[in-house]
Every structure is written in structure tokens, then in C-alpha cells.
Amino acid sequence: MIIKGAIIVNEGLERVGDVLVRDGVIQQISSSLDIIDDEIIDAHDCYLLPGIIDDHVHFREPGLTSKADMHTESMAAVAGGVTSVLDMPNVVPQTTSYETWMQRMQLAEKQMHCNYGFFIGATNSNMDEIQRLPVEQYPGVKLFMGSSTGNMLVDRKESLMRIFRNSPKIIMAHCEDTAIINRNMQIARELFGDDPDIIHHSAIRSREACIASSSLAVKMARETGARLHIAHISTAEELELLETFDSQENPIEARITGEACVSHLIYTQEDYKRLGTRIKCNPAIKHNTDREALRRALTDGRIAVVGTDHAPHLLADKNGGARSAASGIPMIQFSLISMLELVSEGILTLTRLVELMCHNPAKLFGIQQRGFIREGMYADLVLVKCTEPYRLTKDSILSKCGWSPRENDVFSWKVCKTYISGNLVYNGTNVNTSFHGNPLLFT
């Protein structure tokens, strides 16, 4: 297969060229290839990007498959140009042991249409289990330093220190202070009733709760030398805690890094009035000044990675207010085009988008042979195109939950084709469900 005439976006450069793929691997990249091969893909007027690597998804399997499963959510992923995902441990049973981690790996082998890796979750007492896992087969340790779905809360200081001292891999932390949240909820219920309106969500799961917990995580990381990746940064203040991640240098030197999620980059708390609980997530979407700070941090190195925290719920679970409505947003199918719209608005460049969503996740987690358009690497590729504006409709949604907060929004970018290891998995209309992805390997 030769992809001809695409604008190749890779490692800080845009250039028109051809890419030869054989046996699932990028064999040659050139300004012009004249090889007669089995298949020629005319990609003129398209941009060729490395496949997107989403470092933060909840595909809900096993145990929560009424909301989502590996089959449906990986279909949504590849339709959105996402070729690899790192899945979180708060399922049923929780992924907190070697056996539960292996169960998910076996499930994925037959159901995932994209490449995959699974975090193991930290608890107050499972360090022995974490150390049983083969380090080259999982991306890291997920640590809930605040209450969240699944109740995987590590709240003992001695347990936290044990995790930071002994984790064999990078620690990805959900940082919210439970005591502050509980106190805020009590005050809100006294003022506004048992289930306060969603407009109070960002005051209940407040910036102070995020800053306090993230500050504690950073303090422990600095004391122990652990590598820390703070998930879904939502406040301007937390950005000041992070080290600059320069993808051109040795990424291991940045030992405290941060992730921004698409939802926090496109919404503010004003959008609760329009979208209600559809954009309820933890940590909460906050003030416009936080969104602007996060957008600026995309280009100055403080944000290392953009993920989704893709977390589907049935719409029925979204009924209620700040206390009772489920927290989580399905976003993976539209994450790339959402970020491309920010490129069109001048928020960041296309080359920077590729660093944040392809190169940096590969470097940060040590993903082998993916995340770049390089000769010798697997041909995980996505073709995108700027088109006439169109309105996103409900019938295009592939996630099992069947809805998205992006419904009825207007876009000017489309995913045209998604390739994984040289296989066409999404042709712009349909997903090839006979294809199954591979387990990722990590250095």
C-alpha cells in the first residue's frame, strides 16, 4: 500500500509526501514514490497523522457493560482516528490484582478493534499484586487520591507513601480532596436541597479540592522520586505544579507531568446551563479562566498529553443534579475533530496537536513502535480532511450509550480513514469489526 500525496504531519513538520506500507510496517517515506504496489491511496488534500493514542479511557468491561463495552467503544475510537487506548481499572471486579488484569487482557484479545493497554489500580494494600505484573505489558499504576466512580480511594498517608516509593511504573493520579468535597456537598445540600442543581457542581467538586490533592501528590513525588502524571488537570493553579515536558528531549527528565482532557478544553461552567448533566464529570468543568489557562498550557510544555477520560453512561444515569447524576462524558469518537477545530481557531498548531495526542503519550508511557510516522514503525495512521461545515448527528454515534454532548455541534474536519498496523479499520463510513488490535508493549 502506498499513501500518496498526503500532507504528512510528524515530529514538528508538515510536508507533502508518500508513505509505503508493507506487512503492517512503514517501509519508506519519500517526497515521491513510483513503486507499483497492490494498492494506491490517493490522499491529496488530506493530512496524514500518526494514530491517536488516548491515555485515559473507561471502556467499562467487565461488569458495567450496560453502559459500554470493549467492542462498541473501540469501534467509536477507530472512527475517531484513535488507534491505541490505555484503559482504567475502575470496572467490576476492579483491576487491582494480576488475575483481574489478565482477565481484561484476555477479553480485549477478542473484542478490541484498536490497540490496548490496561492500568492496574492502586489500593491501600495491593503493592504486592502490582509488582507481580510484567512491566513491559502495562502502562502504569492508577491512583485515586480522591473519591471517584468505583470507590478506589487510597486515603491513608502510609499507603500513599508506599505506592510512591515502590511503584515500578509511572503513577497516574486522579487528584481531588475528599474531605473538601464532602464539606462542600453538605453546605450545598443545606442551601439548595438534597440534590443541588448541576450549576453547583464546580463549587462542590471545587478548585480547592483539586489543588490540595494535586499539591499533595506532587509533594510525595518529589520526596520519593516517583514519576507522577496528574490526570485531567482542571484549574490554572495546578498547572504551576507541573514540570515542562519537552518531547524533543528525554521525557523521563520531566518527572511530574499533566494531562488535559478534551472536555476541559472546550467547555466552561457556563455550559452547564445549556448541556446540564451531559457535561458532568470529575473533576468538574470550571471557570472560563481555567479553560483559557489550559489552552495556553497546550503550547508551553506544561500539558504533556491530551486525552479524553472517555466515560460513557446511559442517559438515564445522567438524570438528577450535582449529587445524583452520574459523572462521565463519552468523547473518544469526536476527540480528534474537536481538537482539530481548536487548531482552526488558532489555539494550537497541527504539529503541536500531533505531539500532544500521538508522540507524547508514546514517549511518556514508553509505548513501543507506535505514535510516530517513522520507517520501521507500525503503520498506525489516520487521514483527516478539512471539509464543508456539517452538523454532527445522533445517528453517527457508535458508543453504546448512544449520545454525546457534541450532538448538533458544527464541525469542519472529518476522519477519512484509520489504519492500524497497515490495516484499514475505518473507511470514513464503516468500521471493519473483523480486525482486532494488539496489546501494546511498553519500555
# chains A, B, ... in the order shown; residues from 1 in each chain; ligands from 1

call {"tool": "residues_around", "arguments": {"residues": "Arg22 in chain A", "least_positions_apart": "4", "cutoff": "10 Å", "atoms": "only C-alpha atoms", "output": "number ranges by chain"}}
result
A: 1-2, 26-28, 37, 378-379, 421-422

call {"tool": "select_by_dssp", "arguments": {"residues": "range 146-322 of chain A", "states": "alpha helix (DSSP H)", "output": "compact mmCIF listing (two decimals) with N, CA, C and O atoms, in the first residue's frame"}}
result
# COMPACT_ATOMS: atom_id res chain seq x y z
N LYS A 157 -2.10 7.91 54.58
CA LYS A 157 -0.82 8.51 54.20
C LYS A 157 0.27 7.46 54.05
O LYS A 157 1.08 7.52 53.11
N GLU A 158 0.30 6.47 54.95
CA GLU A 158 1.34 5.45 54.85
C GLU A 158 1.17 4.62 53.58
O GLU A 158 2.16 4.20 52.96
N SER A 159 -0.08 4.40 53.15
CA SER A 159 -0.32 3.65 51.92
C SER A 159 0.11 4.46 50.70
O SER A 159 0.72 3.93 49.76
N LEU A 160 -0.21 5.75 50.72
CA LEU A 160 0.21 6.62 49.62
C LEU A 160 1.73 6.64 49.49
O LEU A 160 2.29 6.51 48.39
N MET A 161 2.41 6.78 50.60
CA MET A 161 3.88 6.82 50.55
C MET A 161 4.44 5.49 50.04
O MET A 161 5.44 5.46 49.29
N ARG A 162 3.82 4.38 50.42
CA ARG A 162 4.28 3.07 49.96
C ARG A 162 4.15 2.97 48.44
O ARG A 162 5.04 2.46 47.75
N ILE A 163 3.05 3.49 47.90
CA ILE A 163 2.83 3.46 46.45
C ILE A 163 3.85 4.34 45.75
O ILE A 163 4.47 3.93 44.76
N PHE A 164 4.06 5.54 46.25
CA PHE A 164 5.00 6.46 45.61
C PHE A 164 6.43 5.93 45.69
O PHE A 164 7.22 6.11 44.77
N ARG A 165 6.77 5.29 46.79
CA ARG A 165 8.14 4.78 46.93
C ARG A 165 8.40 3.54 46.07
O ARG A 165 9.51 3.34 45.60
N ASN A 166 7.38 2.69 45.89
CA ASN A 166 7.61 1.36 45.34
C ASN A 166 6.99 1.09 43.99
O ASN A 166 7.20 0.01 43.44
N THR A 178 -11.15 14.50 49.16
CA THR A 178 -12.48 14.01 49.53
C THR A 178 -13.10 14.83 50.66
O THR A 178 -14.30 15.14 50.62
N ALA A 179 -12.32 15.19 51.64
CA ALA A 179 -12.87 15.93 52.79
C ALA A 179 -13.42 17.28 52.35
O ALA A 179 -14.50 17.71 52.80
N ILE A 180 -12.71 17.97 51.46
CA ILE A 180 -13.19 19.26 50.96
C ILE A 180 -14.48 19.08 50.17
O ILE A 180 -15.45 19.85 50.33
N ILE A 181 -14.54 18.05 49.32
CA ILE A 181 -15.74 17.80 48.51
C ILE A 181 -16.93 17.49 49.42
O ILE A 181 -18.03 18.03 49.23
N ASN A 182 -16.72 16.64 50.41
CA ASN A 182 -17.83 16.28 51.32
C ASN A 182 -18.34 17.51 52.07
O ASN A 182 -19.56 17.66 52.27
N ARG A 183 -17.44 18.34 52.51
CA ARG A 183 -17.85 19.56 53.22
C ARG A 183 -18.63 20.49 52.28
O ARG A 183 -19.67 21.04 52.66
N ASN A 184 -18.14 20.64 51.05
CA ASN A 184 -18.86 21.49 50.08
C ASN A 184 -20.24 20.93 49.77
O ASN A 184 -21.22 21.69 49.61
N MET A 185 -20.36 19.60 49.64
CA MET A 185 -21.65 18.99 49.35
C MET A 185 -22.63 19.21 50.50
O MET A 185 -23.82 19.51 50.28
N GLN A 186 -22.15 19.10 51.72
CA GLN A 186 -23.02 19.32 52.87
C GLN A 186 -23.56 20.76 52.87
O GLN A 186 -24.76 20.97 53.10
N ILE A 187 -22.70 21.71 52.61
CA ILE A 187 -23.14 23.11 52.56
C ILE A 187 -24.14 23.32 51.43
O ILE A 187 -25.18 23.99 51.61
N ALA A 188 -23.87 22.75 50.27
CA ALA A 188 -24.77 22.92 49.11
C ALA A 188 -26.13 22.30 49.38
O ALA A 188 -27.16 22.87 49.00
N ARG A 189 -26.16 21.14 50.04
CA ARG A 189 -27.46 20.50 50.31
C ARG A 189 -28.26 21.31 51.32
O ARG A 189 -29.50 21.37 51.24
N GLU A 190 -27.57 21.95 52.26
CA GLU A 190 -28.27 22.80 53.22
C GLU A 190 -28.86 24.03 52.53
O GLU A 190 -29.94 24.49 52.89
N LEU A 191 -28.15 24.54 51.52
CA LEU A 191 -28.60 25.76 50.83
C LEU A 191 -29.59 25.49 49.72
O LEU A 191 -30.54 26.26 49.51
N PHE A 192 -29.39 24.38 48.97
CA PHE A 192 -30.13 24.20 47.72
C PHE A 192 -30.96 22.92 47.67
O PHE A 192 -31.56 22.62 46.65
N HIS A 201 -22.07 22.14 40.58
CA HIS A 201 -21.11 21.03 40.58
C HIS A 201 -19.67 21.52 40.73
O HIS A 201 -18.89 20.94 41.49
N SER A 202 -19.34 22.59 40.02
CA SER A 202 -17.95 23.07 40.07
C SER A 202 -17.60 23.73 41.40
O SER A 202 -16.42 23.86 41.74
N ALA A 203 -18.62 24.14 42.16
CA ALA A 203 -18.36 24.68 43.50
C ALA A 203 -18.25 23.56 44.53
O ALA A 203 -17.54 23.70 45.54
N ILE A 204 -18.92 22.44 44.28
CA ILE A 204 -18.86 21.30 45.20
C ILE A 204 -17.55 20.53 45.00
O ILE A 204 -16.78 20.34 45.94
N ARG A 207 -12.22 23.88 42.92
CA ARG A 207 -10.81 24.06 42.57
C ARG A 207 -9.92 23.79 43.78
O ARG A 207 -8.83 23.23 43.66
N GLU A 208 -10.38 24.19 44.98
CA GLU A 208 -9.58 23.96 46.18
C GLU A 208 -9.35 22.46 46.41
O GLU A 208 -8.26 22.05 46.84
N ALA A 209 -10.37 21.65 46.12
CA ALA A 209 -10.23 20.20 46.28
C ALA A 209 -9.18 19.65 45.32
O ALA A 209 -8.39 18.77 45.69
N CYS A 210 -9.17 20.16 44.11
CA CYS A 210 -8.18 19.72 43.11
C CYS A 210 -6.78 20.16 43.49
O CYS A 210 -5.82 19.37 43.45
N ILE A 211 -6.65 21.42 43.85
CA ILE A 211 -5.32 21.98 44.15
C ILE A 211 -4.71 21.30 45.36
O ILE A 211 -3.51 20.95 45.37
N ALA A 212 -5.51 21.07 46.39
CA ALA A 212 -4.99 20.44 47.61
C ALA A 212 -4.48 19.04 47.32
O ALA A 212 -3.39 18.65 47.76
N SER A 213 -5.25 18.27 46.57
CA SER A 213 -4.87 16.89 46.30
C SER A 213 -3.68 16.82 45.35
O SER A 213 -2.74 16.04 45.56
N SER A 214 -3.68 17.62 44.29
CA SER A 214 -2.56 17.63 43.36
C SER A 214 -1.28 18.09 44.04
O SER A 214 -0.19 17.55 43.78
N SER A 215 -1.39 19.08 44.94
CA SER A 215 -0.21 19.56 45.67
C SER A 215 0.38 18.45 46.54
O SER A 215 1.61 18.29 46.63
N LEU A 216 -0.50 17.66 47.18
CA LEU A 216 -0.03 16.54 48.00
C LEU A 216 0.67 15.50 47.12
O LEU A 216 1.73 14.98 47.49
N ALA A 217 0.08 15.19 45.96
CA ALA A 217 0.69 14.21 45.06
C ALA A 217 2.07 14.67 44.60
O ALA A 217 3.03 13.88 44.58
N VAL A 218 2.18 15.93 44.25
CA VAL A 218 3.47 16.47 43.79
C VAL A 218 4.49 16.44 44.93
O VAL A 218 5.67 16.08 44.72
N LYS A 219 4.07 16.78 46.13
CA LYS A 219 4.97 16.75 47.29
C LYS A 219 5.52 15.33 47.50
O LYS A 219 6.73 15.14 47.70
N MET A 220 4.65 14.34 47.42
CA MET A 220 5.08 12.95 47.62
C MET A 220 5.99 12.48 46.49
O MET A 220 6.96 11.76 46.71
N ALA A 221 5.67 12.90 45.27
CA ALA A 221 6.51 12.52 44.14
C ALA A 221 7.91 13.10 44.27
O ALA A 221 8.90 12.43 43.98
N ARG A 222 7.98 14.33 44.72
CA ARG A 222 9.30 14.97 44.88
C ARG A 222 10.09 14.35 46.03
O ARG A 222 11.31 14.20 45.95
N GLU A 223 9.38 13.96 47.08
CA GLU A 223 10.06 13.33 48.22
C GLU A 223 10.61 11.95 47.86
O GLU A 223 11.65 11.54 48.37
N THR A 224 9.90 11.23 47.01
CA THR A 224 10.25 9.83 46.73
C THR A 224 10.96 9.64 45.40
O THR A 224 11.54 8.57 45.17
N ALA A 236 -6.21 26.45 36.71
CA ALA A 236 -5.00 27.19 36.35
C ALA A 236 -3.90 26.98 37.38
O ALA A 236 -2.72 26.88 37.05
N GLU A 237 -4.30 26.88 38.66
CA GLU A 237 -3.30 26.75 39.72
C GLU A 237 -2.52 25.44 39.63
O GLU A 237 -1.31 25.41 39.91
N GLU A 238 -3.19 24.35 39.25
CA GLU A 238 -2.50 23.06 39.16
C GLU A 238 -1.41 23.07 38.09
O GLU A 238 -0.42 22.33 38.20
N LEU A 239 -1.59 23.87 37.07
CA LEU A 239 -0.58 23.94 36.01
C LEU A 239 0.77 24.39 36.54
O LEU A 239 1.82 24.01 36.01
N VAL A 262 -10.16 16.69 26.71
CA VAL A 262 -10.85 17.49 25.69
C VAL A 262 -12.00 18.29 26.30
O VAL A 262 -12.20 19.46 25.97
N SER A 263 -12.74 17.67 27.20
CA SER A 263 -13.92 18.34 27.78
C SER A 263 -13.54 19.62 28.51
O SER A 263 -14.26 20.63 28.42
N HIS A 264 -12.42 19.61 29.23
CA HIS A 264 -11.99 20.81 29.95
C HIS A 264 -11.41 21.87 29.02
O HIS A 264 -11.26 23.02 29.41
N LEU A 265 -11.09 21.46 27.79
CA LEU A 265 -10.55 22.40 26.81
C LEU A 265 -11.63 23.06 25.95
O LEU A 265 -11.39 24.08 25.33
N ILE A 266 -12.83 22.46 25.92
CA ILE A 266 -13.88 23.03 25.07
C ILE A 266 -15.06 23.61 25.84
O ILE A 266 -15.78 24.46 25.32
N TYR A 272 -23.02 24.42 31.63
CA TYR A 272 -23.98 23.64 32.40
C TYR A 272 -25.41 24.12 32.11
O TYR A 272 -26.35 23.32 32.11
N LYS A 273 -25.57 25.40 31.87
CA LYS A 273 -26.91 25.94 31.60
C LYS A 273 -27.48 25.37 30.31
O LYS A 273 -28.69 25.17 30.17
N ARG A 274 -26.61 25.09 29.36
CA ARG A 274 -27.04 24.61 28.04
C ARG A 274 -27.09 23.08 27.98
O ARG A 274 -28.03 22.51 27.43
N LEU A 275 -26.10 22.42 28.58
CA LEU A 275 -25.96 20.98 28.42
C LEU A 275 -26.25 20.19 29.68
O LEU A 275 -26.33 18.96 29.62
N ASN A 288 -14.11 29.89 32.93
CA ASN A 288 -13.51 30.23 31.64
C ASN A 288 -12.02 30.54 31.78
O ASN A 288 -11.23 30.20 30.88
N THR A 289 -11.62 31.15 32.90
CA THR A 289 -10.19 31.46 33.08
C THR A 289 -9.36 30.19 33.19
O THR A 289 -8.19 30.16 32.77
N ASP A 290 -9.94 29.12 33.73
CA ASP A 290 -9.24 27.84 33.79
C ASP A 290 -9.10 27.24 32.40
O ASP A 290 -8.05 26.72 32.04
N ARG A 291 -10.17 27.30 31.63
CA ARG A 291 -10.08 26.78 30.26
C ARG A 291 -9.04 27.54 29.46
O ARG A 291 -8.25 26.93 28.72
N GLU A 292 -9.00 28.84 29.61
CA GLU A 292 -8.01 29.62 28.85
C GLU A 292 -6.59 29.29 29.30
O GLU A 292 -5.67 29.21 28.48
N ALA A 293 -6.40 29.08 30.60
CA ALA A 293 -5.08 28.70 31.09
C ALA A 293 -4.66 27.34 30.55
O ALA A 293 -3.51 27.12 30.17
N LEU A 294 -5.60 26.40 30.53
CA LEU A 294 -5.32 25.07 29.98
C LEU A 294 -4.96 25.16 28.50
O LEU A 294 -4.03 24.49 28.03
N ARG A 295 -5.67 25.99 27.77
CA ARG A 295 -5.37 26.14 26.34
C ARG A 295 -3.98 26.72 26.13
O ARG A 295 -3.26 26.28 25.23
N ARG A 296 -3.61 27.69 26.94
CA ARG A 296 -2.26 28.25 26.81
C ARG A 296 -1.20 27.20 27.14
O ARG A 296 -0.13 27.14 26.51
N ALA A 297 -1.50 26.36 28.13
CA ALA A 297 -0.53 25.34 28.56
C ALA A 297 -0.34 24.24 27.53
O ALA A 297 0.63 23.47 27.63
N LEU A 298 -1.21 24.16 26.55
CA LEU A 298 -1.02 23.18 25.47
C LEU A 298 0.26 23.46 24.69
O LEU A 298 0.87 22.53 24.14
N THR A 299 0.65 24.71 24.64
CA THR A 299 1.76 25.08 23.76
C THR A 299 3.04 25.44 24.52
O THR A 299 4.07 25.63 23.87
N ASP A 300 3.00 25.51 25.85
CA ASP A 300 4.22 25.89 26.58
C ASP A 300 4.88 24.72 27.29
O ASP A 300 5.84 24.91 28.03

call {"tool": "closest_atom_pairs", "arguments": {"of": "range 371-403 of chain A", "to": "range 98-121 of chain A", "cutoff": "12 Å", "atoms": "only C-alpha atoms", "output": "Markdown table"}}
result
| residue | atom | partner | partner_atom | distance |
| --- | --- | --- | --- | --- |
| A:Gly371 | CA | A:Asn115 | CA | 11.7 |
| A:Tyr378 | CA | A:Asn115 | CA | 11.4 |
| A:Asp380 | CA | A:Asn115 | CA | 9.6 |
| A:Leu381 | CA | A:Cys114 | CA | 11.9 |

call {"tool": "closest_atom_pairs", "arguments": {"of": "range 301-419 of chain A", "to": "range 46-68 of chain A", "cutoff": "7 Å", "atoms": "only C-alpha atoms", "output": "JSON lines"}}
result
{"residue": "A:Gly307", "atom": "CA", "partner": "A:Asp54", "partner_atom": "CA", "distance": 5.1}
{"residue": "A:Thr308", "atom": "CA", "partner": "A:His56", "partner_atom": "CA", "distance": 6.0}
{"residue": "A:Asp309", "atom": "CA", "partner": "A:His56", "partner_atom": "CA", "distance": 4.9}
{"residue": "A:His310", "atom": "CA", "partner": "A:Val57", "partner_atom": "CA", "distance": 4.7}
{"residue": "A:Ala311", "atom": "CA", "partner": "A:His58", "partner_atom": "CA", "distance": 5.1}
{"residue": "A:Pro312", "atom": "CA", "partner": "A:Lys67", "partner_atom": "CA", "distance": 6.0}
{"residue": "A:His313", "atom": "CA", "partner": "A:Lys67", "partner_atom": "CA", "distance": 5.2}
{"residue": "A:Leu314", "atom": "CA", "partner": "A:Lys67", "partner_atom": "CA", "distance": 5.6}
{"residue": "A:Met357", "atom": "CA", "partner": "A:Ile52", "partner_atom": "CA", "distance": 5.6}
{"residue": "A:Cys358", "atom": "CA", "partner": "A:Ile52", "partner_atom": "CA", "distance": 5.1}
{"residue": "A:Pro361", "atom": "CA", "partner": "A:Ile53", "partner_atom": "CA", "distance": 6.4}
{"residue": "A:Gly371", "atom": "CA", "partner": "A:Pro50", "partner_atom": "CA", "distance": 5.7}
{"residue": "A:Phe372", "atom": "CA", "partner": "A:Pro50", "partner_atom": "CA", "distance": 5.4}
{"residue": "A:Ile373", "atom": "CA", "partner": "A:Pro50", "partner_atom": "CA", "distance": 5.8}
{"residue": "A:Asp380", "atom": "CA", "partner": "A:Gly51", "partner_atom": "CA", "distance": 4.9}
{"residue": "A:Leu381", "atom": "CA", "partner": "A:Gly51", "partner_atom": "CA", "distance": 4.5}
{"residue": "A:Val382", "atom": "CA", "partner": "A:Leu49", "partner_atom": "CA", "distance": 5.3}
{"residue": "A:Leu383", "atom": "CA", "partner": "A:Leu48", "partner_atom": "CA", "distance": 4.7}
{"residue": "A:Val384", "atom": "CA", "partner": "A:Tyr47", "partner_atom": "CA", "distance": 5.3}
{"residue": "A:Lys385", "atom": "CA", "partner": "A:Cys46", "partner_atom": "CA", "distance": 4.9}
{"residue": "A:Ser399", "atom": "CA", "partner": "A:Ala68", "partner_atom": "CA", "distance": 6.9}
{"residue": "A:Lys400", "atom": "CA", "partner": "A:Ala68", "partner_atom": "CA", "distance": 5.1}
{"residue": "A:Cys401", "atom": "CA", "partner": "A:Lys67", "partner_atom": "CA", "distance": 5.6}

call {"tool": "atom_distance", "arguments": {"atom1": "CA of Glu39 in chain A", "atom2": "CA of Gln369 in chain A"}}
result
23.7 Å

call {"tool": "closest_residue", "arguments": {"among": "A:Glu375, A:Glu136, A:Asp155, A:Asp197", "to": "Leu440 in chain A", "atoms": "only C-alpha atoms"}}
result
A:Glu136

call {"tool": "atom_distance", "arguments": {"atom1": "CA of Glu176 in chain A", "atom2": "CA of Gly258 in chain A"}}
result
14.4 Å

call {"tool": "residues_around", "arguments": {"residues": "Thr443 in chain A", "least_positions_apart": "3", "cutoff": "7 Å", "atoms": "only C-alpha atoms", "output": "PyMOL selection string"}}
result
chain A and resi 136+366-368
